[in-house]
>>> print(open('model29.pdb').read())   # PDB, C-alpha atoms
ATOM      1  CA  MET A 119     -96.237  27.125  31.465
ATOM      2  CA  LYS A 120     -98.465  28.508  34.236
ATOM      3  CA  LEU A 121    -102.019  27.226  34.143
ATOM      4  CA  SER A 122    -103.494  30.739  34.142
ATOM      5  CA  ARG A 123    -101.495  31.622  31.040
ATOM      6  CA  ILE A 124    -102.597  28.499  29.161
ATOM      7  CA  VAL A 125    -106.243  29.288  29.878
ATOM      8  CA  SER A 126    -105.967  33.019  29.139
ATOM      9  CA  ASN A 127    -104.283  32.319  25.785
ATOM     10  CA  GLN A 128    -107.758  31.662  24.451
ATOM     11  CA  PRO A 129    -109.146  34.654  22.514
ATOM     12  CA  ASP A 130    -112.358  34.780  24.554
ATOM     13  CA  ILE A 131    -110.756  34.377  28.014
ATOM     14  CA  SER A 132    -109.037  37.253  29.797
ATOM     15  CA  ARG A 133    -106.457  36.702  32.525
ATOM     16  CA  LYS A 134    -109.041  37.771  35.099
ATOM     17  CA  LYS A 135    -111.605  35.311  33.775
ATOM     18  CA  ALA A 136    -108.983  32.578  33.613
ATOM     19  CA  ASN A 137    -108.151  33.053  37.292
ATOM     20  CA  TRP A 138    -111.870  32.990  38.127
ATOM     21  CA  LEU A 139    -112.444  29.771  36.183
ATOM     22  CA  ILE A 140    -109.498  28.161  37.945
ATOM     23  CA  ALA A 141    -110.562  29.350  41.401
ATOM     24  CA  THR A 142    -114.114  28.058  40.903
ATOM     25  CA  GLY A 143    -112.953  24.571  39.882
ATOM     26  CA  GLN A 144    -113.894  24.827  36.201
ATOM     27  CA  VAL A 145    -110.395  24.067  34.870
ATOM     28  CA  TYR A 146    -109.208  20.482  34.524
ATOM     29  CA  VAL A 147    -105.699  19.150  33.911
ATOM     30  CA  ASN A 148    -105.731  15.561  32.681
ATOM     31  CA  ASP A 149    -109.334  15.212  33.922
ATOM     32  CA  LEU A 150    -108.469  16.448  37.408
ATOM     33  CA  SER A 151    -109.727  19.789  38.695
ATOM     34  CA  CYS A 152    -106.897  22.241  39.432
ATOM     35  CA  ARG A 153    -107.507  25.415  41.462
ATOM     36  CA  LYS A 154    -103.910  26.713  41.392
ATOM     37  CA  ALA A 155    -103.470  29.485  38.836
ATOM     38  CA  ASP A 156     -99.686  29.326  39.158
ATOM     39  CA  ALA A 157     -99.482  25.545  38.691
ATOM     40  CA  ASP A 158     -96.825  24.521  36.167
ATOM     41  CA  VAL A 159     -98.393  22.486  33.365
ATOM     42  CA  ASP A 160     -96.290  20.791  30.704
ATOM     43  CA  GLU A 161     -97.073  20.486  27.014
ATOM     44  CA  PHE A 162     -98.184  16.868  27.403
ATOM     45  CA  ALA A 163    -101.157  17.647  29.657
ATOM     46  CA  VAL A 164    -104.719  17.992  28.364
ATOM     47  CA  VAL A 165    -106.300  21.162  29.774
ATOM     48  CA  SER A 166    -109.965  22.094  29.614
ATOM     49  CA  ALA A 167    -111.733  25.215  30.870
ATOM     50  CA  ASN A 168    -115.478  25.651  31.233
ATOM     51  CA  GLY A 169    -116.023  22.418  29.290
ATOM     52  CA  LYS A 170    -113.785  23.440  26.360
ATOM     53  CA  THR A 171    -110.365  21.975  25.574
ATOM     54  CA  VAL A 172    -107.745  24.740  25.648
ATOM     55  CA  GLN A 173    -104.659  22.508  25.284
ATOM     56  CA  GLN A 174    -104.781  19.208  23.427
ATOM     57  CA  GLY A 175    -101.595  17.825  24.943
ATOM     58  CA  HIS A 176     -98.773  16.258  22.967
ATOM     59  CA  CYS A 177     -98.176  12.526  23.042
ATOM     60  CA  ALA A 178     -95.285  11.739  25.387
ATOM     61  CA  HIS A 179     -92.898   8.949  24.381
ATOM     62  CA  TYR A 180     -90.754   7.004  26.857
ATOM     63  CA  ILE A 181     -88.531   4.410  25.179
ATOM     64  CA  MET A 182     -86.173   1.655  26.315
ATOM     65  CA  LEU A 183     -83.389   1.026  23.801
ATOM     66  CA  HIS A 184     -80.702  -1.663  23.821
ATOM     67  CA  LYS A 185     -77.750   0.326  22.521
ATOM     68  CA  PRO A 186     -75.190  -1.560  20.440
ATOM     69  CA  ALA A 187     -71.520  -0.611  20.274
ATOM     70  CA  GLY A 188     -70.570   1.849  17.550
ATOM     71  CA  TYR A 189     -73.536   4.203  17.934
ATOM     72  CA  LEU A 190     -73.237   7.722  19.299
ATOM     73  CA  SER A 191     -75.555   9.007  22.024
ATOM     74  CA  ALA A 192     -76.455  12.024  19.915
ATOM     75  CA  THR A 193     -79.269  13.298  17.738
ATOM     76  CA  GLU A 194     -77.071  13.641  14.655
ATOM     77  CA  ASP A 195     -73.459  13.227  13.574
ATOM     78  CA  ASP A 196     -71.621  13.550  10.271
ATOM     79  CA  THR A 197     -69.279  10.614  10.880
ATOM     80  CA  HIS A 198     -70.877   7.950  13.066
ATOM     81  CA  PRO A 199     -74.379   6.465  13.245
ATOM     82  CA  THR A 200     -76.483   7.691  16.158
ATOM     83  CA  VAL A 201     -78.920   5.878  18.422
ATOM     84  CA  LEU A 202     -81.820   7.790  16.869
ATOM     85  CA  GLN A 203     -81.143   5.984  13.619
ATOM     86  CA  LEU A 204     -82.234   2.788  15.367
ATOM     87  CA  LEU A 205     -85.769   4.207  15.680
ATOM     88  CA  PRO A 206     -88.425   4.899  13.043
ATOM     89  CA  PRO A 207     -87.942   8.485  11.748
ATOM     90  CA  ALA A 208     -91.377   9.612  12.909
ATOM     91  CA  LEU A 209     -90.739   8.371  16.452
ATOM     92  CA  GLY A 210     -87.266   9.885  16.649
ATOM     93  CA  GLN A 211     -88.453  13.465  16.226
ATOM     94  CA  GLY A 212     -87.806  15.642  19.291
ATOM     95  CA  LEU A 213     -86.344  12.880  21.466
ATOM     96  CA  HIS A 214     -83.935  13.531  24.332
ATOM     97  CA  ILE A 215     -81.443  10.980  25.660
ATOM     98  CA  ALA A 216     -81.740  10.369  29.398
ATOM     99  CA  GLY A 217     -78.246   9.257  30.306
ATOM    100  CA  ARG A 218     -75.761   9.075  27.460
ATOM    101  CA  LEU A 219     -73.361   6.215  26.821
ATOM    102  CA  ASP A 220     -69.969   6.229  25.086
ATOM    103  CA  ARG A 221     -69.866   5.003  21.505
ATOM    104  CA  ALA A 222     -68.246   1.722  22.580
ATOM    105  CA  THR A 223     -70.580   1.176  25.553
ATOM    106  CA  THR A 224     -73.649  -1.025  25.194
ATOM    107  CA  GLY A 225     -76.848  -1.516  27.126
ATOM    108  CA  LEU A 226     -79.820   0.313  28.526
ATOM    109  CA  MET A 227     -80.752   3.745  27.224
ATOM    110  CA  ILE A 228     -83.896   5.744  27.886
ATOM    111  CA  LEU A 229     -85.150   8.195  25.276
ATOM    112  CA  THR A 230     -88.083  10.576  25.620
ATOM    113  CA  ASN A 231     -89.555  13.708  24.094
ATOM    114  CA  ASN A 232     -90.190  15.017  27.622
ATOM    115  CA  GLY A 233     -87.039  17.095  28.059
ATOM    116  CA  THR A 234     -87.825  18.169  31.616
ATOM    117  CA  TRP A 235     -88.309  14.552  32.671
ATOM    118  CA  SER A 236     -85.056  13.392  31.065
ATOM    119  CA  ARG A 237     -83.010  16.196  32.647
ATOM    120  CA  GLN A 238     -84.410  15.502  36.096
ATOM    121  CA  LEU A 239     -83.779  11.779  35.735
ATOM    122  CA  THR A 240     -80.078  12.242  35.002
ATOM    123  CA  LEU A 241     -79.101  14.977  37.469
ATOM    124  CA  PRO A 242     -76.097  13.725  39.525
ATOM    125  CA  GLY A 243     -77.741  14.597  42.826
ATOM    126  CA  MET A 244     -81.012  12.732  42.262
ATOM    127  CA  GLY A 245     -79.649   9.432  43.610
ATOM    128  CA  ASN A 246     -80.982   7.007  41.026
ATOM    129  CA  ALA A 247     -78.747   3.962  40.760
ATOM    130  CA  LYS A 248     -77.008   3.051  37.507
ATOM    131  CA  VAL A 249     -75.753  -0.510  37.262
ATOM    132  CA  TYR A 250     -72.962  -1.525  34.866
ATOM    133  CA  ARG A 251     -71.261  -4.769  33.968
ATOM    134  CA  VAL A 252     -67.585  -3.934  33.650
ATOM    135  CA  THR A 253     -64.812  -5.924  31.990
ATOM    136  CA  THR A 254     -61.287  -4.800  32.840
ATOM    137  CA  ALA A 255     -57.888  -5.285  31.229
ATOM    138  CA  TYR A 256     -56.286  -6.540  34.460
ATOM    139  CA  PRO A 257     -57.535  -8.470  37.495
ATOM    140  CA  ILE A 258     -59.477  -6.231  39.839
ATOM    141  CA  GLY A 259     -57.558  -5.574  43.031
ATOM    142  CA  PRO A 260     -59.025  -6.876  46.307
ATOM    143  CA  ASP A 261     -59.056  -3.358  47.736
ATOM    144  CA  THR A 262     -61.002  -1.869  44.807
ATOM    145  CA  PRO A 263     -64.503  -2.417  46.285
ATOM    146  CA  GLN A 264     -63.466  -0.542  49.422
ATOM    147  CA  ARG A 265     -61.825   2.245  47.395
ATOM    148  CA  PHE A 266     -65.025   2.715  45.390
ATOM    149  CA  ALA A 267     -67.165   2.619  48.547
ATOM    150  CA  GLU A 268     -65.062   5.430  50.021
ATOM    151  CA  GLY A 269     -65.222   7.480  46.812
ATOM    152  CA  ILE A 270     -62.619   8.328  44.189
ATOM    153  CA  TRP A 271     -61.060  11.781  43.962
ATOM    154  CA  PHE A 272     -61.569  13.468  40.566
ATOM    155  CA  GLU A 273     -58.950  16.172  40.178
ATOM    156  CA  TYR A 274     -60.647  17.974  37.294
ATOM    157  CA  GLU A 275     -63.933  18.512  39.143
ATOM    158  CA  GLN A 276     -62.214  18.826  42.543
ATOM    159  CA  LEU A 277     -64.615  16.373  44.124
ATOM    160  CA  THR A 278     -64.883  12.851  45.490
ATOM    161  CA  THR A 279     -67.384  10.528  43.840
ATOM    162  CA  ALA A 280     -70.363   9.314  45.832
ATOM    163  CA  PRO A 281     -69.988   5.879  47.441
ATOM    164  CA  ALA A 282     -70.325   3.108  44.849
ATOM    165  CA  THR A 283     -70.856  -0.644  45.168
ATOM    166  CA  LEU A 284     -68.572  -3.058  43.318
ATOM    167  CA  GLU A 285     -69.485  -6.749  43.124
ATOM    168  CA  LEU A 286     -66.661  -8.968  41.865
ATOM    169  CA  LEU A 287     -67.917 -11.653  39.468
ATOM    170  CA  GLU A 288     -64.653 -12.896  37.941
ATOM    171  CA  PRO A 289     -61.049 -11.678  38.154
ATOM    172  CA  THR A 290     -61.654  -9.159  35.342
ATOM    173  CA  LEU A 291     -65.461  -8.872  35.528
ATOM    174  CA  ALA A 292     -67.584  -6.919  38.005
ATOM    175  CA  ARG A 293     -70.958  -5.310  38.507
ATOM    176  CA  LEU A 294     -70.702  -1.650  39.510
ATOM    177  CA  THR A 295     -73.516   0.465  40.951
ATOM    178  CA  ILE A 296     -73.045   4.238  40.953
ATOM    179  CA  TYR A 297     -75.411   7.045  41.870
ATOM    180  CA  GLU A 298     -74.039   9.794  39.653
ATOM    181  CA  GLY A 299     -73.526  10.295  35.950
ATOM    182  CA  ARG A 300     -70.264  12.163  35.632
ATOM    183  CA  TYR A 301     -68.187  12.322  32.464
ATOM    184  CA  HIS A 302     -66.601   8.911  31.747
ATOM    185  CA  GLN A 303     -67.100   8.168  35.426
ATOM    186  CA  VAL A 304     -66.716   4.384  35.373
ATOM    187  CA  LYS A 305     -63.583   4.455  33.228
ATOM    188  CA  ARG A 306     -62.030   7.195  35.341
ATOM    189  CA  MET A 307     -62.749   5.336  38.592
ATOM    190  CA  PHE A 308     -60.970   2.212  37.370
ATOM    191  CA  HIS A 309     -58.129   4.289  35.949
ATOM    192  CA  ALA A 310     -57.657   5.798  39.416
ATOM    193  CA  VAL A 311     -56.973   2.335  40.850
ATOM    194  CA  GLY A 312     -54.540   1.361  38.100
ATOM    195  CA  ASN A 313     -56.894  -0.598  35.865
ATOM    196  CA  ARG A 314     -58.520  -0.066  32.481
ATOM    197  CA  VAL A 315     -62.071  -0.728  31.276
ATOM    198  CA  ILE A 316     -62.176  -2.692  28.030
ATOM    199  CA  ALA A 317     -65.948  -3.344  27.885
ATOM    200  CA  LEU A 318     -68.862  -1.579  29.557
ATOM    201  CA  HIS A 319     -72.544  -2.506  29.534
ATOM    202  CA  ARG A 320     -75.334  -0.680  31.391
ATOM    203  CA  GLU A 321     -77.858  -3.096  32.861
ATOM    204  CA  GLN A 322     -80.120  -0.878  34.936
ATOM    205  CA  ILE A 323     -81.241   2.696  35.730
ATOM    206  CA  GLY A 324     -83.174   3.093  38.969
ATOM    207  CA  HIS A 325     -85.530   0.125  39.177
ATOM    208  CA  LEU A 326     -85.614  -0.280  35.393
ATOM    209  CA  GLN A 327     -83.648  -3.254  34.062
ATOM    210  CA  LEU A 328     -82.782  -3.882  30.441
ATOM    211  CA  ASN A 329     -84.930  -6.732  29.159
ATOM    212  CA  SER A 330     -82.868  -9.866  28.624
ATOM    213  CA  ASP A 331     -84.879 -10.658  25.480
ATOM    214  CA  LEU A 332     -84.463  -7.195  23.941
ATOM    215  CA  ALA A 333     -81.815  -7.661  21.260
ATOM    216  CA  GLU A 334     -79.124  -5.072  20.561
ATOM    217  CA  GLY A 335     -80.513  -2.294  18.402
ATOM    218  CA  ASN A 336     -84.125  -3.003  19.393
ATOM    219  CA  PHE A 337     -86.452  -0.875  21.501
ATOM    220  CA  ARG A 338     -89.792  -0.898  23.274
ATOM    221  CA  MET A 339     -92.043   1.659  24.936
ATOM    222  CA  LEU A 340     -91.942   1.929  28.725
ATOM    223  CA  THR A 341     -95.076   0.957  30.594
ATOM    224  CA  GLY A 342     -96.977   3.385  32.798
ATOM    225  CA  SER A 343     -95.767   1.658  35.961
ATOM    226  CA  GLU A 344     -92.147   1.832  34.776
ATOM    227  CA  ILE A 345     -92.462   5.570  34.122
ATOM    228  CA  GLU A 346     -94.022   6.142  37.520
ATOM    229  CA  GLY A 347     -91.276   4.061  39.132
ATOM    230  CA  LEU A 348     -88.623   6.313  37.604
ATOM    231  CA  ASN A 349     -90.604   9.406  38.594
ATOM    232  CA  ARG A 350     -90.117   8.639  42.288
ATOM    233  CA  TYR A 351     -86.457   9.583  41.997
ATOM    234  CA  TYR A 352     -87.275  13.247  41.475
ATOM    235  CA  THR A 353     -90.801  13.909  42.704
TER
END
>>> encode(input="model29.pdb", output="structure tokens")
Amino acid sequence: MKLSRIVSNQPDISRKKANWLIATGQVYVNDLSCRKADADVDEFAVVSANGKTVQQGHCAHYIMLHKPAGYLSATEDDTHPTVLQLLPPALGQGLHIAGRLDRATTGLMILTNNGTWSRQLTLPGMGNAKVYRVTTAYPIGPDTPQRFAEGIWFEYEQLTTAPATLELLEPTLARLTIYEGRYHQVKRMFHAVGNRVIALHREQIGHLQLNSDLAEGNFRMLTGSEIEGLNRYYT
């Protein structure tokens, strides 16, 4: 919402007075003076005008979850358990999933009640790396890393995937880094080279790595520095 609108929503402040208060440096957003009436301010910011709080600001939650297999990346489902059921009910209210995983896929998930933040984080064009450990049904061909680096043609979308990095660990085990989040992308890439994914685990998003000591089904809150580190991908 525009800052001028937040301030002028008060019964004793007209739009004209709101613009004057902003222009004269009497409006603060998170304790910082803001002189831009058209500044976009989210619901999590604390806003004060002329010494009076005009928006309390909601508490923003940013959560790392170690997703187990068998859970849907959804808010609710009539058949299968969802990842939100791994969180306390009070914490799960209003959460968005930043980067969904298939029901069988395990690993790092980020959940937040900041919908704008989660959407920006997962846009295909934002360039934040996603790192997966991939187990395949057949030995990975020696030309597969080069094929992935050149990009794989997806007929349905009529596009070629962005260059990806494939590190071979064992004949049927690899670490794959992609920079998009397209539908079933990892499985479709391996299918295109005549292989099949039988296990998939996400290890990392951007700079954020899944804690090795965070057991499946457990979660923790992200630190301020971790949130800021993810912010750099879209600010």
>>> resolve_selection(input="model29.pdb", expression="the PyMOL selection byres ((chain A and resi 264-267) around 12)", output="count of residues only")
32
>>> residues_near_point(input="model29.pdb", point="(-69.9, 7.2, 15.4)", cutoff="10 Å", atoms="all atoms listed in the file", output="list in words")
Ala187, Gly188, Tyr189, Leu190, Ser191, Ala192, Glu194, Asp195, Asp196, Thr197, His198, Pro199, Thr200, Val201, Asp220, Arg221 and Ala222 of chain A
>>> residues_around(input="model29.pdb", residues="Tyr250 of chain A", least_positions_apart="3", cutoff="7 Å", atoms="all atoms listed in the file", output="mmCIF file with C-alpha atoms, in the coordinates of the input")
data_model
loop_
_atom_site.group_PDB
_atom_site.id
_atom_site.type_symbol
_atom_site.label_atom_id
_atom_site.label_comp_id
_atom_site.auth_asym_id
_atom_site.auth_seq_id
_atom_site.Cartn_x
_atom_site.Cartn_y
_atom_site.Cartn_z
ATOM 1 C CA ARG A 293 -70.958 -5.310 38.507
ATOM 2 C CA LEU A 294 -70.702 -1.650 39.510
ATOM 3 C CA THR A 295 -73.516 0.465 40.951
ATOM 4 C CA LEU A 318 -68.862 -1.579 29.557
ATOM 5 C CA HIS A 319 -72.544 -2.506 29.534
ATOM 6 C CA ARG A 320 -75.334 -0.680 31.391
ATOM 7 C CA GLU A 321 -77.858 -3.096 32.861
#
>>> atom_distance(input="model29.pdb", atom1="atom CA of Arg218 of chain A", atom2="atom CA of Asp331 of chain A")
21.8 Å
>>> resolve_selection(input="model29.pdb", expression="the PyMOL selection byres ((chain A and resi 335-339) around 7)", output="count of residues only")
13
>>> resolve_selection(input="model29.pdb", expression="the PyMOL selection byres ((chain A and resi 174) around 9)", output="list in words")
Glu161, Phe162, Ala163, Val164, Val165, Ser166, Thr171, Val172, Gln173, Gly175 and His176 of chain A
>>> closest_residue(input="model29.pdb", among="A:Pro289, A:Ile323, A:Leu139, A:Arg251", to="Gly217 of chain A", atoms="all atoms listed in the file")
A:Ile323
>>> closest_residue(input="model29.pdb", among="A:Lys134, A:Lys170, A:Lys248, A:His179", to="Gly233 of chain A", atoms="only C-alpha atoms")
A:His179
>>> atom_distance(input="model29.pdb", atom1="atom CA of Ile140 of chain A", atom2="atom CA of Val125 of chain A")
8.8 Å
>>> atom_distance(input="model29.pdb", atom1="atom CA of Trp235 of chain A", atom2="atom CA of Arg153 of chain A")
23.7 Å
>>> residues_near_point(input="model29.pdb", point="(-79.9, 8.4, 27.3)", cutoff="6 Å", atoms="only C-alpha atoms", output="PyMOL selection string")
chain A and resi 215-218+227-229
>>> axis_aligned_box(input="model29.pdb", around="segment 333-342 of chain A", padding_each_side="8 Å", output="JSON")
{"center_x": -88.1, "center_y": -2.1, "center_z": 25.6, "size_x": 33.9, "size_y": 27.0, "size_z": 30.4}
